[in-house]
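Shown next: run.cif, containing mmCIF, C-alpha atoms.
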data_target
#
loop_
_atom_site.group_PDB
_atom_site.id
_atom_site.type_symbol
_atom_site.label_atom_id
_atom_site.label_comp_id
_atom_site.auth_asym_id
_atom_site.auth_seq_id
_atom_site.Cartn_x
_atom_site.Cartn_y
_atom_site.Cartn_z
ATOM 1 C CA MET A 21 -83.536 -2.188 -235.109
ATOM 2 C CA LEU A 22 -82.823 -2.085 -231.468
ATOM 3 C CA GLN A 23 -82.477 1.036 -229.732
ATOM 4 C CA PRO A 24 -79.571 1.401 -227.394
ATOM 5 C CA ILE A 25 -80.507 1.537 -223.743
ATOM 6 C CA LEU A 26 -79.302 3.969 -221.156
ATOM 7 C CA LYS A 27 -77.527 2.143 -218.361
ATOM 8 C CA ILE A 28 -77.862 3.349 -214.786
ATOM 9 C CA ARG A 29 -75.472 2.071 -212.119
ATOM 10 C CA GLN A 30 -76.377 2.768 -208.593
ATOM 11 C CA THR A 31 -74.044 2.294 -205.617
ATOM 12 C CA PRO A 32 -75.701 2.255 -202.228
ATOM 13 C CA ALA A 33 -74.399 4.246 -199.303
ATOM 14 C CA ILE A 34 -72.648 2.200 -196.625
ATOM 15 C CA ILE A 35 -72.357 3.634 -193.178
ATOM 16 C CA GLY A 36 -69.472 2.272 -191.091
ATOM 17 C CA ILE A 37 -69.892 1.958 -187.319
ATOM 18 C CA ASP A 38 -66.932 1.173 -185.052
ATOM 19 C CA ALA A 39 -68.078 0.615 -181.498
ATOM 20 C CA ASP A 40 -66.293 -0.672 -178.416
ATOM 21 C CA LEU A 41 -68.314 -1.624 -175.363
ATOM 22 C CA GLY A 42 -67.950 0.279 -172.140
ATOM 23 C CA VAL A 43 -66.025 -1.370 -169.289
ATOM 24 C CA PHE A 44 -67.233 -1.711 -165.715
ATOM 25 C CA SER A 45 -64.552 -2.060 -163.076
ATOM 26 C CA ILE A 46 -65.736 -3.052 -159.590
ATOM 27 C CA THR A 47 -63.194 -3.444 -156.815
ATOM 28 C CA GLN A 48 -63.798 -3.930 -153.160
ATOM 29 C CA PRO A 49 -60.953 -3.845 -150.655
ATOM 30 C CA LYS A 50 -60.920 -6.720 -148.234
ATOM 31 C CA ALA A 51 -62.584 -6.167 -144.902
ATOM 32 C CA GLU A 52 -60.230 -5.600 -141.993
ATOM 33 C CA VAL A 53 -60.820 -8.101 -139.215
ATOM 34 C CA ASN A 54 -59.299 -7.542 -135.795
ATOM 35 C CA ILE A 55 -59.643 -10.470 -133.391
ATOM 36 C CA THR A 56 -58.619 -10.040 -129.784
ATOM 37 C CA THR A 57 -58.648 -13.110 -127.576
ATOM 38 C CA THR A 58 -58.375 -13.101 -123.822
ATOM 39 C CA PRO A 59 -57.305 -16.624 -122.893
ATOM 40 C CA GLY A 60 -59.249 -18.632 -120.367
ATOM 41 C CA GLU A 61 -57.774 -19.161 -116.959
ATOM 42 C CA LEU A 62 -57.948 -22.265 -114.821
ATOM 43 C CA ASN A 63 -56.572 -22.115 -111.299
ATOM 44 C CA VAL A 64 -56.332 -25.216 -109.183
ATOM 45 C CA GLN A 65 -55.005 -24.880 -105.674
ATOM 46 C CA SER A 66 -54.585 -28.055 -103.759
ATOM 47 C CA SER A 67 -53.213 -28.489 -100.295
ATOM 48 C CA ARG A 68 -51.228 -31.399 -99.059
ATOM 49 C CA PRO A 69 -53.106 -33.945 -97.002
ATOM 50 C CA ASP A 70 -52.530 -33.877 -93.256
ATOM 51 C CA LEU A 71 -51.257 -37.042 -91.633
ATOM 52 C CA THR A 72 -51.372 -37.046 -87.852
ATOM 53 C CA ILE A 73 -49.812 -39.917 -85.899
ATOM 54 C CA ASP A 74 -50.424 -39.919 -82.154
ATOM 55 C CA GLN A 75 -48.130 -42.358 -80.309
ATOM 56 C CA THR A 76 -48.891 -41.063 -76.848
ATOM 57 C CA ARG A 77 -50.605 -44.271 -75.687
ATOM 58 C CA ALA A 78 -47.861 -46.454 -77.219
ATOM 59 C CA ARG A 79 -45.137 -44.460 -75.420
ATOM 60 C CA ALA A 80 -47.163 -44.668 -72.218
ATOM 61 C CA ALA A 81 -47.252 -48.469 -72.599
ATOM 62 C CA TYR A 82 -43.481 -48.721 -73.382
ATOM 63 C CA ASN A 83 -41.892 -46.372 -70.878
ATOM 64 C CA GLY A 84 -44.669 -44.552 -69.070
ATOM 65 C CA GLY A 85 -44.898 -41.663 -71.534
ATOM 66 C CA SER A 86 -44.369 -38.114 -70.388
ATOM 67 C CA VAL A 87 -43.565 -37.423 -66.740
ATOM 68 C CA LEU A 88 -46.864 -35.598 -66.253
ATOM 69 C CA ASP A 89 -48.934 -38.504 -67.632
ATOM 70 C CA MET A 90 -46.952 -41.043 -65.606
ATOM 71 C CA ASN A 91 -47.463 -39.023 -62.411
ATOM 72 C CA LYS A 92 -51.212 -38.809 -63.108
ATOM 73 C CA ARG A 93 -51.409 -42.605 -63.468
ATOM 74 C CA ILE A 94 -49.402 -43.163 -60.288
ATOM 75 C CA TYR A 95 -51.484 -40.615 -58.334
ATOM 76 C CA SER A 96 -54.812 -42.033 -59.466
ATOM 77 C CA GLY A 97 -53.474 -45.580 -58.825
ATOM 78 C CA ILE A 98 -52.404 -44.630 -55.305
ATOM 79 C CA GLN A 99 -55.902 -43.281 -54.623
ATOM 80 C CA GLN A 100 -57.379 -46.601 -55.749
ATOM 81 C CA LEU A 101 -54.886 -48.595 -53.645
ATOM 82 C CA TYR A 102 -55.605 -46.383 -50.635
ATOM 83 C CA LEU A 103 -59.357 -46.916 -50.974
ATOM 84 C CA GLN A 104 -58.840 -50.665 -51.432
ATOM 85 C CA ALA A 105 -56.616 -50.777 -48.324
ATOM 86 C CA ILE A 106 -59.258 -48.910 -46.290
ATOM 87 C CA ALA A 107 -61.939 -51.334 -47.515
ATOM 88 C CA ARG A 108 -59.738 -54.298 -46.588
ATOM 89 C CA ARG A 109 -59.096 -52.850 -43.096
ATOM 90 C CA VAL A 110 -62.819 -52.252 -42.574
ATOM 91 C CA GLU A 111 -63.539 -55.830 -43.619
ATOM 92 C CA GLN A 112 -60.820 -57.097 -41.234
ATOM 93 C CA GLY A 113 -62.264 -54.972 -38.451
ATOM 94 C CA THR A 114 -65.744 -56.314 -39.093
ATOM 95 C CA ARG A 115 -64.450 -59.868 -38.973
ATOM 96 C CA MET A 116 -62.523 -59.136 -35.761
ATOM 97 C CA ALA A 117 -65.682 -57.716 -34.213
ATOM 98 C CA GLU A 118 -67.203 -61.129 -34.768
ATOM 99 C CA PHE A 119 -64.204 -63.006 -33.356
ATOM 100 C CA PHE A 120 -66.496 -65.616 -31.863
ATOM 101 C CA LYS A 121 -67.407 -66.944 -35.311
ATOM 102 C CA PRO A 122 -65.276 -69.705 -36.676
ATOM 103 C CA GLY A 123 -62.540 -68.486 -39.068
ATOM 104 C CA ASN A 124 -62.356 -65.021 -37.481
ATOM 105 C CA THR A 125 -59.328 -65.502 -35.311
ATOM 106 C CA ILE A 126 -56.501 -62.964 -35.281
ATOM 107 C CA ALA A 127 -54.238 -65.422 -37.072
ATOM 108 C CA GLU A 128 -56.815 -66.071 -39.753
ATOM 109 C CA VAL A 129 -57.824 -62.422 -40.223
ATOM 110 C CA TYR A 130 -54.369 -60.776 -40.096
ATOM 111 C CA GLY A 131 -52.209 -63.826 -40.808
ATOM 112 C CA MET A 132 -53.592 -64.220 -44.319
ATOM 113 C CA ASP A 133 -52.746 -60.575 -45.120
ATOM 114 C CA THR A 134 -49.239 -61.368 -46.338
ATOM 115 C CA GLU A 135 -49.384 -59.739 -49.758
ATOM 116 C CA PRO A 136 -47.309 -56.620 -49.972
ATOM 117 C CA ASN A 137 -49.001 -53.379 -50.950
ATOM 118 C CA SER A 138 -48.386 -52.980 -54.637
ATOM 119 C CA PHE A 139 -47.276 -49.783 -56.292
ATOM 120 C CA PRO A 140 -49.502 -48.473 -59.072
ATOM 121 C CA GLU A 141 -48.485 -49.330 -62.629
ATOM 122 C CA PRO A 142 -46.616 -46.310 -64.083
ATOM 123 C CA CYS A 143 -47.084 -47.481 -67.677
ATOM 124 C CA GLY A 144 -50.284 -47.397 -69.646
ATOM 125 C CA PRO A 145 -52.077 -50.505 -70.896
ATOM 126 C CA ALA A 146 -50.417 -52.287 -73.804
ATOM 127 C CA SER A 147 -52.556 -52.814 -76.886
ATOM 128 C CA TYR A 148 -52.096 -53.384 -80.615
ATOM 129 C CA ASP A 149 -54.261 -50.297 -81.189
ATOM 130 C CA ASN A 150 -52.202 -47.771 -79.183
ATOM 131 C CA VAL A 151 -51.128 -45.699 -82.209
ATOM 132 C CA ASP A 152 -53.799 -43.321 -83.563
ATOM 133 C CA ILE A 153 -53.417 -42.451 -87.241
ATOM 134 C CA HIS A 154 -55.573 -39.686 -88.690
ATOM 135 C CA PHE A 155 -55.406 -38.827 -92.401
ATOM 136 C CA GLU A 156 -57.237 -35.703 -93.573
ATOM 137 C CA THR A 157 -57.579 -34.581 -97.169
ATOM 138 C CA ARG A 158 -59.131 -31.385 -98.491
ATOM 139 C CA ALA A 159 -60.780 -30.944 -101.868
ATOM 140 C CA PRO A 160 -58.844 -28.730 -104.291
ATOM 141 C CA GLU A 161 -60.043 -25.170 -104.870
ATOM 142 C CA ILE A 162 -60.833 -24.751 -108.560
ATOM 143 C CA SER A 163 -61.612 -21.440 -110.232
ATOM 144 C CA PHE A 164 -62.249 -21.046 -113.951
ATOM 145 C CA ARG A 165 -62.627 -17.952 -116.128
ATOM 146 C CA ALA A 166 -63.799 -18.605 -119.676
ATOM 147 C CA ALA A 167 -61.893 -17.211 -122.646
ATOM 148 C CA GLN A 168 -63.323 -14.136 -124.352
ATOM 149 C CA VAL A 169 -63.103 -13.384 -128.056
ATOM 150 C CA ASP A 170 -63.682 -9.851 -129.372
ATOM 151 C CA ILE A 171 -64.089 -9.559 -133.149
ATOM 152 C CA GLN A 172 -64.049 -6.125 -134.820
ATOM 153 C CA VAL A 173 -64.806 -5.994 -138.560
ATOM 154 C CA GLU A 174 -64.310 -2.876 -140.693
ATOM 155 C CA ARG A 175 -65.831 -3.342 -144.113
ATOM 156 C CA HIS A 176 -65.179 -1.201 -147.171
ATOM 157 C CA ARG A 177 -67.735 -0.216 -149.780
ATOM 158 C CA PRO A 178 -67.215 -1.450 -153.322
ATOM 159 C CA GLU A 179 -65.542 1.002 -155.710
ATOM 160 C CA THR A 180 -67.328 1.084 -159.065
ATOM 161 C CA GLU A 181 -65.743 2.648 -162.131
ATOM 162 C CA TYR A 182 -67.169 2.827 -165.647
ATOM 163 C CA THR A 183 -65.086 3.610 -168.729
ATOM 164 C CA ARG A 184 -67.196 4.564 -171.667
ATOM 165 C CA GLY A 185 -66.660 2.769 -174.942
ATOM 166 C CA LYS A 186 -66.129 4.555 -178.240
ATOM 167 C CA LEU A 187 -68.599 4.948 -181.019
ATOM 168 C CA ASP A 188 -67.394 6.094 -184.424
ATOM 169 C CA ILE A 189 -69.934 6.470 -187.220
ATOM 170 C CA TYR A 190 -68.555 7.219 -190.670
ATOM 171 C CA MET A 191 -69.409 6.849 -194.288
ATOM 172 C CA GLN A 192 -67.709 3.821 -195.577
ATOM 173 C CA GLN A 193 -69.153 4.280 -199.044
ATOM 174 C CA TYR A 194 -71.108 7.161 -200.419
ATOM 175 C CA ALA A 195 -74.175 6.560 -202.515
ATOM 176 C CA SER A 196 -73.741 7.236 -206.179
ATOM 177 C CA VAL A 197 -75.742 7.067 -209.355
ATOM 178 C CA GLN A 198 -73.957 6.632 -212.651
ATOM 179 C CA PHE A 199 -75.660 7.039 -215.951
ATOM 180 C CA ILE A 200 -73.946 5.311 -218.814
ATOM 181 C CA PRO A 201 -75.298 6.465 -222.187
ATOM 182 C CA PRO A 202 -75.449 3.966 -224.957
ATOM 183 C CA GLU A 203 -72.840 4.060 -227.581
ATOM 184 C CA LEU A 204 -73.975 5.982 -230.513
ATOM 185 C CA ASN A 205 -73.008 5.041 -233.942
ATOM 186 C CA VAL A 206 -72.101 8.319 -235.460
ATOM 187 C CA GLN A 207 -71.035 6.991 -238.770
ATOM 188 C CA THR A 208 -74.150 6.719 -240.521
#
Please re-express this file's structure in structure tokens.
Amino acid sequence: MLQPILKIRQTPAIIGIDADLGVFSITQPKAEVNITTTPGELNVQSSRPDLTIDQTRARAAYNGGSVLDMNKRIYSGIQQLYLQAIARRVEQGTRMAEFFKPGNTIAEVYGMDTEPNSFPEPCGPASYDNVDIHFETRAPEISFRAAQVDIQVERHRPETEYTRGKLDIYMQQYASVQFIPPELNVQT
């Protein structure tokens, strides 16, 4: 005959853990940048070219020019004519001193002197090159100042924040031991 057996039921303990991770929060405000620019400067100063036209000699050739210039030409011309007349008279006197030579008679020496004394030319000489043109240019004055850039940067440190997570430990199931006795037949 079989003997009834004692039954033992065992339930293990179960520990429950509910955990949430911690959270890091890192923020960093943007850096503040301040840029100041001084613009470059370019200065160019140019002067107009100078054109000089001198028509003094052309006017002197057309109408004698200014009264002062015309008088100078007449005066210097009269001096030349006077010196030429003196030279001619000296030559005539020299020839008359040698009147015995053939061709030195009074008629031949003084008779050939029929040209009138000319008056000096009051106008200047005519020429295609009587107008003087002078053209003068000057280089421009250039000054340059380079642009300047000033950059100021203000940086901010990062802001770190940590939020702790939760950790719950609990008994989800308690350990237990159950003894189940065999059924006994009490009728016998």
| field | Exercise: Ser163 in chain A partners within 12 Å, all atoms listed in the file, chain neighbours under 3 positions left out, as JSON, numbers by chain | value | {"A": [60, 61, 62, 63, 64, 65, 66, 160, 166]}
| Nearest-residue call for Ile171 in chain A, choices A:Ile94, A:Ile46, A:Ile55, A:Ala39, using all atoms listed in the file |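 For Ile171 in chain A, the nearest of the candidates is A:Ile55.
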| request: Find, counting all atoms listed in the file, the residue in A:Ala195, A:Glu118, A:Asp170, A:Leu71 that gets nearest to Thr57 in chain A. | output: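 Result for the nearest residue to Thr57 in chain A: A:Asp170.
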| task | Starting from the displayed file, determine the output of the PyMOL selection byres ((chain A and resi 199) around 7) and express the residue list as a list in words. | result |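 This file gives the following for the PyMOL selection byres ((chain A and resi 199) around 7): Lys27, Ile28, Arg29, Val197, Gln198, Ile200 and Pro201 of chain A.
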Write to file, as a PDB file, in the coordinates of the input, the residues of the selection just made, with C-alpha atoms.
ATOM      1  CA  LYS A  27     -77.527   2.143-218.361  1.00  0.00           C
ATOM      2  CA  ILE A  28     -77.862   3.349-214.786  1.00  0.00           C
ATOM      3  CA  ARG A  29     -75.472   2.071-212.119  1.00  0.00           C
ATOM      4  CA  VAL A 197     -75.742   7.067-209.355  1.00  0.00           C
ATOM      5  CA  GLN A 198     -73.957   6.632-212.651  1.00  0.00           C
ATOM      6  CA  ILE A 200     -73.946   5.311-218.814  1.00  0.00           C
ATOM      7  CA  PRO A 201     -75.298   6.465-222.187  1.00  0.00           C
TER       8      PRO A 201
END
| request: Write out as a list in words which residues come within 10 Å of Ala80 in chain A when counting only C-alpha atoms, dropping same-chain ones fewer than 2 positions away. | output: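 Result of the neighbour search: Gln75, Thr76, Arg77, Ala78, Tyr82, Asn83, Gly84, Gly85, Ser86, Val87, Asp89, Met90, Arg93, Pro142, Cys143, Gly144, Pro145, Ala146 and Asn150 of chain A.
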| task | Just say which residues the PyMOL selection byres ((chain A and resi 134-138) around 12) picks in this file, as number ranges by chain. | result | A: 94, 97-98, 100-102, 104-105, 108, 127-133, 139-142
| said: Env of Glu179 in chain A: 12 Å cut, atoms = only C-alpha atoms, seq-sep filter 4 positions within chain, self excluded. Answer as a list in words. | reply: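 Counting only the stated atoms, we get Phe44, Ser45, Ile46, Thr47, Gln48, Pro49 and Lys50 of chain A.
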| field | Top pick for closest residue to Glu156 in chain A, considering A:Thr56, A:Gln30, A:Ser96, A:Ser67 and counting only C-alpha atoms | value | A:Ser67
Where is the centre and how long are the edges: axis-aligned box on range 133-139 of chain A, 8 Å on each side, Å to one decimal, as lines of an AutoDock Vina configuration file:
center_x = -50.0
center_y = -55.6
center_z = -50.7
size_x = 21.5
size_y = 27.6
size_z = 27.2
| task | On this file, the PyMOL selection byres ((chain A and resi 174) around 8) gives some set of residues; write that set as a list in words. | result |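 So the PyMOL selection byres ((chain A and resi 174) around 8) ends up selecting Ala51, Glu52, Val53, Gln172, Val173, Arg175 and His176 of chain A.
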| Could you state the separation of CA of Ile126 in chain A and CA of Thr114 in chain A in Å, given to one decimal place? |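 Going from CA of Ile126 in chain A over to CA of Thr114 in chain A covers 12.0 Å.
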| message | So the first atom is CA of Val43 in chain A and the second is CA of Pro178 in chain A; what is the distance between them in Å, to one decimal place? | response |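 Computing the Euclidean distance for CA of Val43 in chain A and CA of Pro178 in chain A yields 16.0 Å.
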| task | Select, from A:Ile25, A:Pro69, A:Pro59, A:Lys92, the residue with the minimum atom-to-atom distance to Val169 in chain A, counting all atoms listed in the file. | result | A:Pro59
